[in-house]
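With TSV, C-alpha atoms inside, this is work-v1.tsv:
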chain	number	residue	atom	x	y	z
A	14	MET	CA	-10.90	-28.68	-7.00
A	15	SER	CA	-10.77	-26.42	-10.03
A	16	GLN	CA	-7.37	-25.28	-11.27
A	17	PRO	CA	-6.36	-21.63	-11.08
A	18	THR	CA	-6.42	-19.50	-14.20
A	19	VAL	CA	-4.31	-16.56	-13.06
A	20	GLU	CA	-3.42	-13.93	-15.65
A	21	THR	CA	0.36	-13.37	-15.80
A	22	THR	CA	0.80	-11.38	-19.04
A	23	GLN	CA	1.08	-7.91	-17.51
A	24	PRO	CA	4.53	-6.32	-17.01
A	25	VAL	CA	5.83	-6.48	-13.44
A	26	ASP	CA	4.89	-3.26	-11.63
A	27	LEU	CA	6.42	-2.67	-8.21
A	28	TYR	CA	4.14	0.22	-7.30
A	29	ARG	CA	0.68	-0.09	-8.83
A	30	GLU	CA	-1.00	-2.55	-6.48
A	31	VAL	CA	0.44	-1.35	-3.18
A	32	HIS	CA	-0.22	2.25	-4.18
A	33	LYS	CA	-3.87	1.37	-4.80
A	34	GLY	CA	-4.07	0.17	-1.21
A	35	LEU	CA	-2.23	3.21	0.15
A	36	ARG	CA	-4.57	5.55	-1.70
A	37	ARG	CA	-7.58	3.75	-0.28
A	38	SER	CA	-6.17	3.98	3.24
A	39	LEU	CA	-5.18	7.64	2.86
A	40	PHE	CA	-8.63	8.56	1.58
A	41	ALA	CA	-10.37	6.61	4.36
A	42	VAL	CA	-8.24	8.15	7.12
A	43	THR	CA	-8.66	11.67	5.72
A	44	GLU	CA	-12.43	11.23	5.42
A	45	ALA	CA	-12.62	9.86	8.97
A	46	ALA	CA	-10.61	12.81	10.30
A	47	GLY	CA	-13.03	15.22	8.65
A	48	ALA	CA	-15.94	13.60	10.50
A	49	LEU	CA	-14.34	13.65	13.96
A	50	GLY	CA	-16.01	15.61	16.73
A	51	GLU	CA	-14.20	17.25	19.61
A	52	SER	CA	-15.65	14.87	22.23
A	53	ASP	CA	-16.59	11.75	20.25
A	54	ALA	CA	-14.53	9.10	22.07
A	55	PRO	CA	-15.74	6.02	20.12
A	56	SER	CA	-15.12	7.64	16.74
A	57	THR	CA	-11.75	8.94	17.91
A	58	ALA	CA	-10.67	5.46	19.06
A	59	GLU	CA	-11.72	3.99	15.72
A	60	PHE	CA	-9.85	6.74	13.91
A	61	VAL	CA	-6.68	6.12	15.93
A	62	ASP	CA	-6.80	2.44	14.98
A	63	ARG	CA	-7.27	3.29	11.31
A	64	PHE	CA	-4.45	5.83	11.42
A	65	GLY	CA	-2.24	3.17	13.03
A	66	GLU	CA	-2.87	0.87	10.08
A	67	LEU	CA	-1.92	3.64	7.66
A	68	ASP	CA	1.19	4.36	9.73
A	69	MET	CA	2.30	0.73	9.56
A	70	MET	CA	1.67	0.54	5.82
A	71	LEU	CA	3.55	3.74	5.01
A	72	THR	CA	6.46	2.89	7.29
A	73	THR	CA	6.77	-0.60	5.81
A	74	HIS	CA	6.43	0.67	2.25
A	75	HIS	CA	9.09	3.34	2.74
A	76	GLY	CA	11.41	0.74	4.24
A	77	HIS	CA	11.04	-1.32	1.07
A	78	GLU	CA	11.61	1.68	-1.19
A	79	ASP	CA	14.68	2.96	0.63
A	80	ALA	CA	16.71	-0.25	0.86
A	81	GLY	CA	18.02	-3.18	-1.13
A	82	GLU	CA	17.91	-4.02	-4.80
A	83	LEU	CA	15.19	-1.52	-5.67
A	84	VAL	CA	17.39	1.39	-4.61
A	85	ARG	CA	20.24	0.00	-6.69
A	86	LEU	CA	18.08	-0.36	-9.79
A	87	ILE	CA	16.67	3.14	-9.44
A	88	GLY	CA	20.21	4.49	-9.07
A	89	VAL	CA	21.28	2.70	-12.24
A	90	HIS	CA	18.24	3.25	-14.45
A	91	CYS	CA	16.61	6.41	-13.04
A	92	ALA	CA	19.62	8.40	-11.82
A	93	PRO	CA	18.13	11.84	-12.63
A	94	LEU	CA	15.18	11.08	-10.33
A	95	VAL	CA	17.14	9.86	-7.31
A	96	GLY	CA	17.47	13.27	-5.66
A	97	LYS	CA	13.82	14.09	-6.25
A	98	ILE	CA	12.70	10.78	-4.74
A	99	GLU	CA	14.96	11.07	-1.70
A	100	GLU	CA	13.84	14.64	-1.03
A	101	ALA	CA	10.18	13.63	-1.29
A	102	HIS	CA	10.69	10.72	1.09
A	103	GLU	CA	12.36	12.99	3.65
A	104	GLN	CA	9.64	15.63	3.42
A	105	LEU	CA	6.83	13.09	3.62
A	106	THR	CA	8.44	11.35	6.58
A	107	GLU	CA	8.69	14.65	8.46
A	108	ALA	CA	5.11	15.59	7.60
A	109	PHE	CA	3.78	12.24	8.75
A	110	ALA	CA	5.70	12.49	12.01
A	111	ALA	CA	3.86	15.77	12.66
A	112	LEU	CA	0.58	14.03	11.92
A	113	ARG	CA	1.41	11.33	14.46
A	114	GLU	CA	1.85	14.02	17.09
A	115	SER	CA	-1.49	15.59	16.12
A	116	VAL	CA	-3.22	12.22	16.43
A	117	VAL	CA	-1.73	11.68	19.90
A	118	ARG	CA	-3.07	15.06	21.02
A	119	VAL	CA	-6.52	14.39	19.56
A	120	ALA	CA	-6.63	10.97	21.21
A	121	ALA	CA	-5.75	12.62	24.54
A	122	GLY	CA	-8.57	15.12	24.13
A	123	SER	CA	-6.30	18.12	23.74
A	124	GLY	CA	-5.88	18.25	19.97
A	125	ASP	CA	-7.45	20.27	17.19
A	126	VAL	CA	-9.47	17.97	14.92
A	127	ASP	CA	-9.77	20.62	12.21
A	128	ALA	CA	-6.00	21.11	12.12
A	129	LEU	CA	-5.53	17.33	11.96
A	130	TYR	CA	-7.90	17.09	9.02
A	131	ASP	CA	-6.18	19.94	7.19
A	132	GLY	CA	-2.80	18.32	7.78
A	133	LEU	CA	-4.02	15.01	6.40
A	134	VAL	CA	-5.41	16.74	3.32
A	135	ARG	CA	-2.04	18.38	2.65
A	136	PHE	CA	-0.15	15.15	3.28
A	137	THR	CA	-2.46	13.13	1.05
A	138	THR	CA	-2.13	15.67	-1.75
A	139	ASP	CA	1.67	15.58	-1.54
A	140	TYR	CA	1.74	11.80	-1.30
A	141	LEU	CA	-0.45	11.39	-4.37
A	142	THR	CA	1.98	13.58	-6.30
A	143	HIS	CA	4.93	11.49	-5.11
A	144	MET	CA	3.24	8.21	-6.04
A	145	ALA	CA	2.53	9.55	-9.51
A	146	VAL	CA	6.25	10.20	-10.02
A	147	GLU	CA	7.07	6.63	-9.02
A	148	GLU	CA	4.31	5.14	-11.18
A	149	HIS	CA	4.72	7.24	-14.31
A	150	GLN	CA	8.45	8.06	-14.34
A	151	VAL	CA	10.35	5.51	-12.24
A	152	MET	CA	8.42	2.36	-13.10
A	153	PRO	CA	8.42	2.81	-16.90
A	154	ALA	CA	12.20	3.29	-16.80
A	155	LEU	CA	12.65	0.16	-14.72
A	156	GLN	CA	10.38	-1.84	-17.00
A	157	GLN	CA	12.36	-0.66	-20.02
A	158	HIS	CA	15.86	-1.31	-18.66
A	159	ALA	CA	15.59	-3.98	-15.93
A	160	SER	CA	14.59	-7.56	-16.63
A	161	ALA	CA	11.23	-9.01	-15.62
A	162	ASP	CA	13.11	-11.53	-13.49
A	163	GLU	CA	14.86	-8.73	-11.58
A	164	LEU	CA	11.60	-6.94	-10.95
A	165	MET	CA	9.75	-10.10	-9.93
A	166	SER	CA	12.59	-11.00	-7.56
A	167	ILE	CA	12.18	-7.63	-5.85
A	168	THR	CA	8.41	-8.09	-5.69
A	169	MET	CA	8.69	-11.48	-4.03
A	170	ALA	CA	11.40	-10.31	-1.63
A	171	ILE	CA	9.16	-7.45	-0.52
A	172	ARG	CA	6.06	-9.61	-0.08
A	173	THR	CA	7.83	-12.36	1.84
A	174	SER	CA	9.49	-9.82	4.15
A	175	VAL	CA	6.12	-8.56	5.45
A	176	PRO	CA	4.96	-10.42	8.59
A	177	PRO	CA	1.63	-12.18	7.91
A	178	PRO	CA	-0.39	-10.04	10.39
A	179	ASP	CA	0.88	-6.89	8.66
A	180	MET	CA	0.17	-8.39	5.25
A	181	VAL	CA	-3.41	-8.96	6.38
A	182	VAL	CA	-3.70	-5.20	6.95
A	183	PHE	CA	-2.23	-4.46	3.52
A	184	LEU	CA	-4.73	-6.87	1.93
A	185	LYS	CA	-7.60	-5.20	3.76
A	186	TYR	CA	-6.94	-2.04	1.78
A	187	MET	CA	-5.34	-3.40	-1.38
A	188	LEU	CA	-7.80	-6.11	-2.42
A	189	PRO	CA	-10.93	-3.93	-2.69
A	190	ALA	CA	-8.92	-1.37	-4.68
A	191	MET	CA	-7.46	-3.92	-7.11
A	192	ASN	CA	-9.06	-5.23	-10.29
A	193	PRO	CA	-10.07	-8.91	-10.61
A	194	ALA	CA	-6.92	-9.97	-12.47
A	195	GLU	CA	-4.67	-8.27	-9.91
A	196	ARG	CA	-6.50	-9.94	-7.02
A	197	ALA	CA	-6.20	-13.32	-8.67
A	198	ALA	CA	-2.50	-12.90	-9.38
A	199	MET	CA	-1.73	-11.82	-5.82
A	200	LEU	CA	-3.87	-14.34	-3.97
A	201	GLY	CA	-3.02	-17.09	-6.45
A	202	GLY	CA	0.67	-16.51	-5.82
A	203	MET	CA	0.07	-16.57	-2.09
A	204	LYS	CA	-1.90	-19.80	-2.37
A	205	ALA	CA	0.93	-21.41	-4.33
A	206	GLY	CA	3.79	-20.15	-2.18
A	207	ALA	CA	2.60	-19.71	1.40
A	208	PRO	CA	2.08	-22.47	3.96
A	209	PRO	CA	-1.61	-23.47	4.14
A	210	GLU	CA	-2.14	-21.91	7.57
A	211	ILE	CA	-0.67	-18.60	6.39
A	212	PHE	CA	-2.71	-18.58	3.20
A	213	GLU	CA	-5.78	-19.20	5.37
A	214	MET	CA	-5.03	-15.88	7.12
A	215	PHE	CA	-4.79	-14.13	3.77
A	216	TRP	CA	-7.97	-15.74	2.45
A	217	SER	CA	-9.79	-14.77	5.63
A	218	ALA	CA	-8.72	-11.18	5.01
A	219	ALA	CA	-10.12	-11.41	1.48
A	220	THR	CA	-13.37	-12.82	2.88
A	221	ASP	CA	-13.65	-9.90	5.29
A	222	CYS	CA	-12.96	-7.09	2.82
A	223	LEU	CA	-14.45	-8.27	-0.50
A	224	GLY	CA	-18.09	-8.44	-1.47
A	225	GLU	CA	-19.69	-11.76	-2.32
A	226	ALA	CA	-19.39	-11.35	-6.09
A	227	ASP	CA	-15.72	-10.28	-5.99
A	228	LEU	CA	-14.83	-13.05	-3.56
A	229	SER	CA	-16.56	-15.66	-5.72
A	230	ASP	CA	-14.75	-14.37	-8.79
A	231	VAL	CA	-11.28	-14.61	-7.25
A	232	ALA	CA	-12.08	-18.01	-5.70
A	233	SER	CA	-12.98	-19.40	-9.11
A	234	ARG	CA	-9.85	-17.94	-10.69
A	235	ILE	CA	-7.40	-19.42	-8.16
A	236	GLY	CA	-9.21	-22.63	-7.30
A	237	VAL	CA	-10.29	-22.04	-3.71

Encoded form using structure tokens:
Amino acid sequence: MSQPTVETTQPVDLYREVHKGLRRSLFAVTEAAGALGESDAPSTAEFVDRFGELDMMLTTHHGHEDAGELVRLIGVHCAPLVGKIEEAHEQLTEAFAALRESVVRVAAGSGDVDALYDGLVRFTTDYLTHMAVEEHQVMPALQQHASADELMSITMAIRTSVPPPDMVVFLKYMLPAMNPAERAAMLGGMKAGAPPEIFEMFWSAATDCLGEADLSDVASRIGV
């Protein structure tokens, strides 16, 4: 078996890769909502499933952002942004709760698909703005003032806290949105650290969501 050649020279970034997956999911859900018909039961059922995946990802991601060592580091190194971040999280949580209610009504056949689409557009726009603050203001400050070991410890704590079935959903959206080096670093780390049967779940997710060329590239990089 060939040995992995995973690139590890990039600074630790707590947001970039998961945000790529969230953007992909947000765009897919918003596009699907725009194509919904008033009485298209199969498409509605598929949309509800896709929205449920986005719901899980956002809920899990917010749980990671609002607790533990990451909150402490942001409070220490990005104090002027704490209020802005907390306010955004509260507003986005409320907006998404309203979207959940809209989805329930649409699934029951009593909702307004146009209103749901418009709400998703507004939410996605606001969420993109929030992610940009985290990526371009919070993360550079953390990279400047916190150690790489601190940031990697947070990264690993987050990844290992996600149940494997939920991680499979994250990978479904993250891997196609990541570049080859990012895929190799993530899946290579999983191959090295996860039990074989768990890594098999993750590799199966990669097989399902990546094209042949991308899958072959990451396989050669990590020695699968």

- Message: If I take CA of Val151 in chain A and CA of Leu94 in chain A, how far is one from the other in Å, to one decimal?
- Response: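 Going from CA of Val151 in chain A over to CA of Leu94 in chain A, I get 7.6 Å.
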
- Message: So that I can check the surroundings of Leu35 in chain A, please list as a list of chain:residue names every protein, DNA and RNA residue that reaches within 8 Å of it, counting all atoms listed in the file and ignoring chain neighbours fewer than 5 positions away.
- Response: A:Leu67, A:Met70, A:Leu71, A:Tyr186, A:Met187

- Message: So the first atom is CA of Cys91 in chain A and the second is CA of Thr138 in chain A; what is the distance between them in Å, to one decimal place?
- Response: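 Atom-to-atom, CA of Cys91 in chain A and CA of Thr138 in chain A are spaced 23.8 Å apart.
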
- Message: If we count only C-alpha atoms and set the cut-off at 10 Å, which residues sit around range 50-53 of chain A, ignoring sequence neighbours fewer than 2 positions away in its own chain? Please answer as JSON, numbers by chain.
- Response: {"A": [46, 47, 48, 55, 56, 57, 58, 119, 120, 122, 123, 124, 125, 126, 127]}

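One finds CA of Met191 in chain A at 20.2 Å from CA of Thr43 in chain A.
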
- Message: What's around Val61 in chain A at 12 Å? Count only C-alpha atoms, leave out sequence neighbours fewer than 6 positions away in its own chain, and write the answer as a list in words.
- Response: Val42, Thr43, Ala45, Ala46, Leu49, Ala54, Pro55, Leu67, Asp68, Leu112, Arg113, Glu114, Ser115, Val116, Val117, Arg118, Val119, Ala120, Ala121 and Leu129 of chain A

- Do a neighbour search on Thr168 in chain A at 9 Å with all atoms listed in the file, toss out local chain neighbours closer than 5 positions, and write the hits as a PyMOL selection string. chain A and resi 25-27+163+173

- Task: Go through A:His143, A:Trp216, A:Thr137, A:Asp230 one by one, measure the shortest atom-to-atom distance of each to Glu103 in chain A using only C-alpha atoms, and give the residue with the smallest value.
- Result: A:His143

So which residues touch Glu82 in chain A within 7 Å, counting all atoms listed in the file, skipping near sequence neighbours fewer than 3 positions away, as a short mmCIF file (atom, residue, chain, number, x, y, z; two decimals) with C-alpha atoms, keeping the file's coordinate frame?
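Final output, saved to out_29.cif:
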data_model
loop_
_atom_site.label_atom_id
_atom_site.label_comp_id
_atom_site.auth_asym_id
_atom_site.auth_seq_id
_atom_site.Cartn_x
_atom_site.Cartn_y
_atom_site.Cartn_z
CA ARG A 85 20.24 0.00 -6.69
CA LEU A 86 18.08 -0.36 -9.79
CA ILE A 167 12.18 -7.63 -5.85
#

- Task: Pick out the closest residue to Ala205 in chain A from this set: A:His149, A:Ala108, A:Ile235, A:His32. Count only C-alpha atoms.
- Result: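 Among the listed residues, the smallest separation from Ala205 in chain A belongs to A:Ile235.
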
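Nearest residue to Arg29 in chain A among A:Met203, A:Val237, A:Glu195, A:Pro208 is A:Glu195, counting all atoms listed in the file.
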
- Message: Taking all atoms listed in the file into account, name the residue in A:Val89, A:Val175, A:Leu188, A:Val231 that is nearest to His77 in chain A.
- Response: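 Checking each of A:Val89, A:Val175, A:Leu188, A:Val231 against His77 in chain A, counting all atoms listed in the file, the winner is A:Val175.
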
Where is the centre and how long are the edges: axis-aligned box on range 115-128 of chain A, 4 Å on each side, Å to one decimal, as JSON:
{"center_x": -5.6, "center_y": 16.0, "center_z": 18.3, "size_x": 16.3, "size_y": 18.1, "size_z": 20.4}

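Of the residues under consideration (A:Gln150, A:Thr220, A:Gln156, A:Thr72), A:Gln150 shows the shortest atom-to-atom contact distance to Val95 in chain A when counting all atoms listed in the file.
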
- Of the candidates A:His158, A:Arg172, A:Arg234, A:Lys204, which one gets nearest to His74 in chain A if we count all atoms listed in the file?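 Closest to His74 in chain A of all the choices is A:Arg172.
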